[in-house]
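Student: Dropping the structure in here first, questions after.
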Amino acid sequence: MTALDWPALMRAGLYGLRLTPEQFWKLTPAELRLMLGQGGMTGAMDRKGLDRLLNAFPDEVTGD
C-alpha cells in the first residue's frame with residue numbers, strides 16, 4: 001500500500017475543487033480521485049454499452 005500525499009490532496013480538494021473541510025473529510029480517497037479526473041474512467045457509454053446494460057437489467061419483469 002502506498003502512502004497518500006495528504007497535503008497535495010487537501011490542496012486539490014480545498015482549493016482546486018473548492019470543497020469545504022467537512023465535504024473534503026467525508027470523501028473517500030477513491031471519490032476524491034474520481035472528482036479530480038483520475039481513476040481509470042473511460043469515455044461516455046456508447047449505444048452498444050447501453051444495449052448490454054438494458055439486456056442485463058430490463059425494465060420489464062419476464063416469466064412467472
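Ordering of the C-alpha cells sets the chain letters (A, B, ...); residue numbers start at 1 within each chain; ligands are numbered from 1 in the order shown.
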Excluding Glu22 of chain A and any residue of its chain fewer than 4 positions from it, enumerate the residues within 12 Å of it, using only C-alpha atoms, and give them as a PDB file with C-alpha atoms, in the first residue's frame.

Tutor:
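Contents of the output file around.pdb:
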```pdb
ATOM      1  CA  MET A  10      -6.018  18.751   0.606  1.00  0.00           C
ATOM      2  CA  GLY A  13      -9.802  19.341  -2.703  1.00  0.00           C
ATOM      3  CA  LEU A  14      -9.977  22.573  -0.740  1.00  0.00           C
ATOM      4  CA  ARG A  18     -13.414  24.405  -3.555  1.00  0.00           C
ATOM      5  CA  LYS A  26     -16.401  12.947   4.148  1.00  0.00           C
ATOM      6  CA  LEU A  27     -14.918  11.759   0.827  1.00  0.00           C
TER       7      LEU A  27
END
```

Student: Could you pull the residues within 9 Å of Pro29 of chain A, counting only C-alpha atoms, minus those fewer than 4 positions along the same chain, as number ranges by chain?

Tutor: A: 4, 9, 33-34

Student: Selected residues, all heavy atoms, written as a PDB file, in the first residue's frame, please.

Tutor:
```pdb
ATOM      1  N   LEU A   4      -0.550   8.133   1.094  1.00  0.00           N
ATOM      2  CA  LEU A   4      -1.248   9.209   0.394  1.00  0.00           C
ATOM      3  C   LEU A   4      -0.548  10.531   0.670  1.00  0.00           C
ATOM      4  O   LEU A   4      -0.106  10.787   1.781  1.00  0.00           O
ATOM      5  CB  LEU A   4      -2.699   9.289   0.856  1.00  0.00           C
ATOM      6  CG  LEU A   4      -3.563   8.072   0.555  1.00  0.00           C
ATOM      7  CD1 LEU A   4      -4.937   8.221   1.186  1.00  0.00           C
ATOM      8  CD2 LEU A   4      -3.703   7.874  -0.939  1.00  0.00           C
ATOM      9  N   LEU A   9      -3.449  16.340  -1.672  1.00  0.00           N
ATOM     10  CA  LEU A   9      -4.877  16.037  -1.787  1.00  0.00           C
ATOM     11  C   LEU A   9      -5.723  17.145  -1.169  1.00  0.00           C
ATOM     12  O   LEU A   9      -6.762  17.527  -1.719  1.00  0.00           O
ATOM     13  CB  LEU A   9      -5.193  14.694  -1.125  1.00  0.00           C
ATOM     14  CG  LEU A   9      -4.660  13.454  -1.829  1.00  0.00           C
ATOM     15  CD1 LEU A   9      -4.923  12.213  -0.999  1.00  0.00           C
ATOM     16  CD2 LEU A   9      -5.277  13.320  -3.214  1.00  0.00           C
ATOM     17  N   ARG A  33     -10.236  11.077  -5.939  1.00  0.00           N
ATOM     18  CA  ARG A  33      -9.537  10.841  -7.207  1.00  0.00           C
ATOM     19  C   ARG A  33     -10.493  10.957  -8.385  1.00  0.00           C
ATOM     20  O   ARG A  33     -10.148  11.526  -9.423  1.00  0.00           O
ATOM     21  CB  ARG A  33      -8.879   9.457  -7.203  1.00  0.00           C
ATOM     22  CG  ARG A  33      -7.673   9.369  -6.295  1.00  0.00           C
ATOM     23  CD  ARG A  33      -6.972   8.042  -6.396  1.00  0.00           C
ATOM     24  NE  ARG A  33      -6.431   7.890  -7.741  1.00  0.00           N
ATOM     25  CZ  ARG A  33      -6.369   6.738  -8.393  1.00  0.00           C
ATOM     26  NH1 ARG A  33      -6.791   5.629  -7.841  1.00  0.00           N
ATOM     27  NH2 ARG A  33      -5.863   6.671  -9.599  1.00  0.00           N
ATOM     28  N   LEU A  34     -11.686  10.416  -8.230  1.00  0.00           N
ATOM     29  CA  LEU A  34     -12.686  10.489  -9.297  1.00  0.00           C
ATOM     30  C   LEU A  34     -13.061  11.940  -9.587  1.00  0.00           C
ATOM     31  O   LEU A  34     -13.140  12.354 -10.742  1.00  0.00           O
ATOM     32  CB  LEU A  34     -13.922   9.692  -8.890  1.00  0.00           C
ATOM     33  CG  LEU A  34     -15.010   9.522  -9.931  1.00  0.00           C
ATOM     34  CD1 LEU A  34     -14.498   8.735 -11.115  1.00  0.00           C
ATOM     35  CD2 LEU A  34     -16.196   8.823  -9.311  1.00  0.00           C
TER      36      LEU A  34
END
```

Student: By how many Å are atom CA of Met45 of chain A and atom CA of Asp59 of chain A apart?

Tutor: 18.8 Å

Student: Just give me the gap between atom CA of Met35 of chain A and atom CA of Leu50 of chain A in Å, one decimal is fine.

Tutor: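 Atom CA of Leu50 of chain A lies at a distance of 23.5 Å from atom CA of Met35 of chain A.
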
Student: Quote the spacing between atom CA of Leu32 of chain A and atom CA of Phe57 of chain A in Å to one decimal place.

Tutor: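 So the two atoms, atom CA of Leu32 of chain A and atom CA of Phe57 of chain A, lie 28.8 Å apart.
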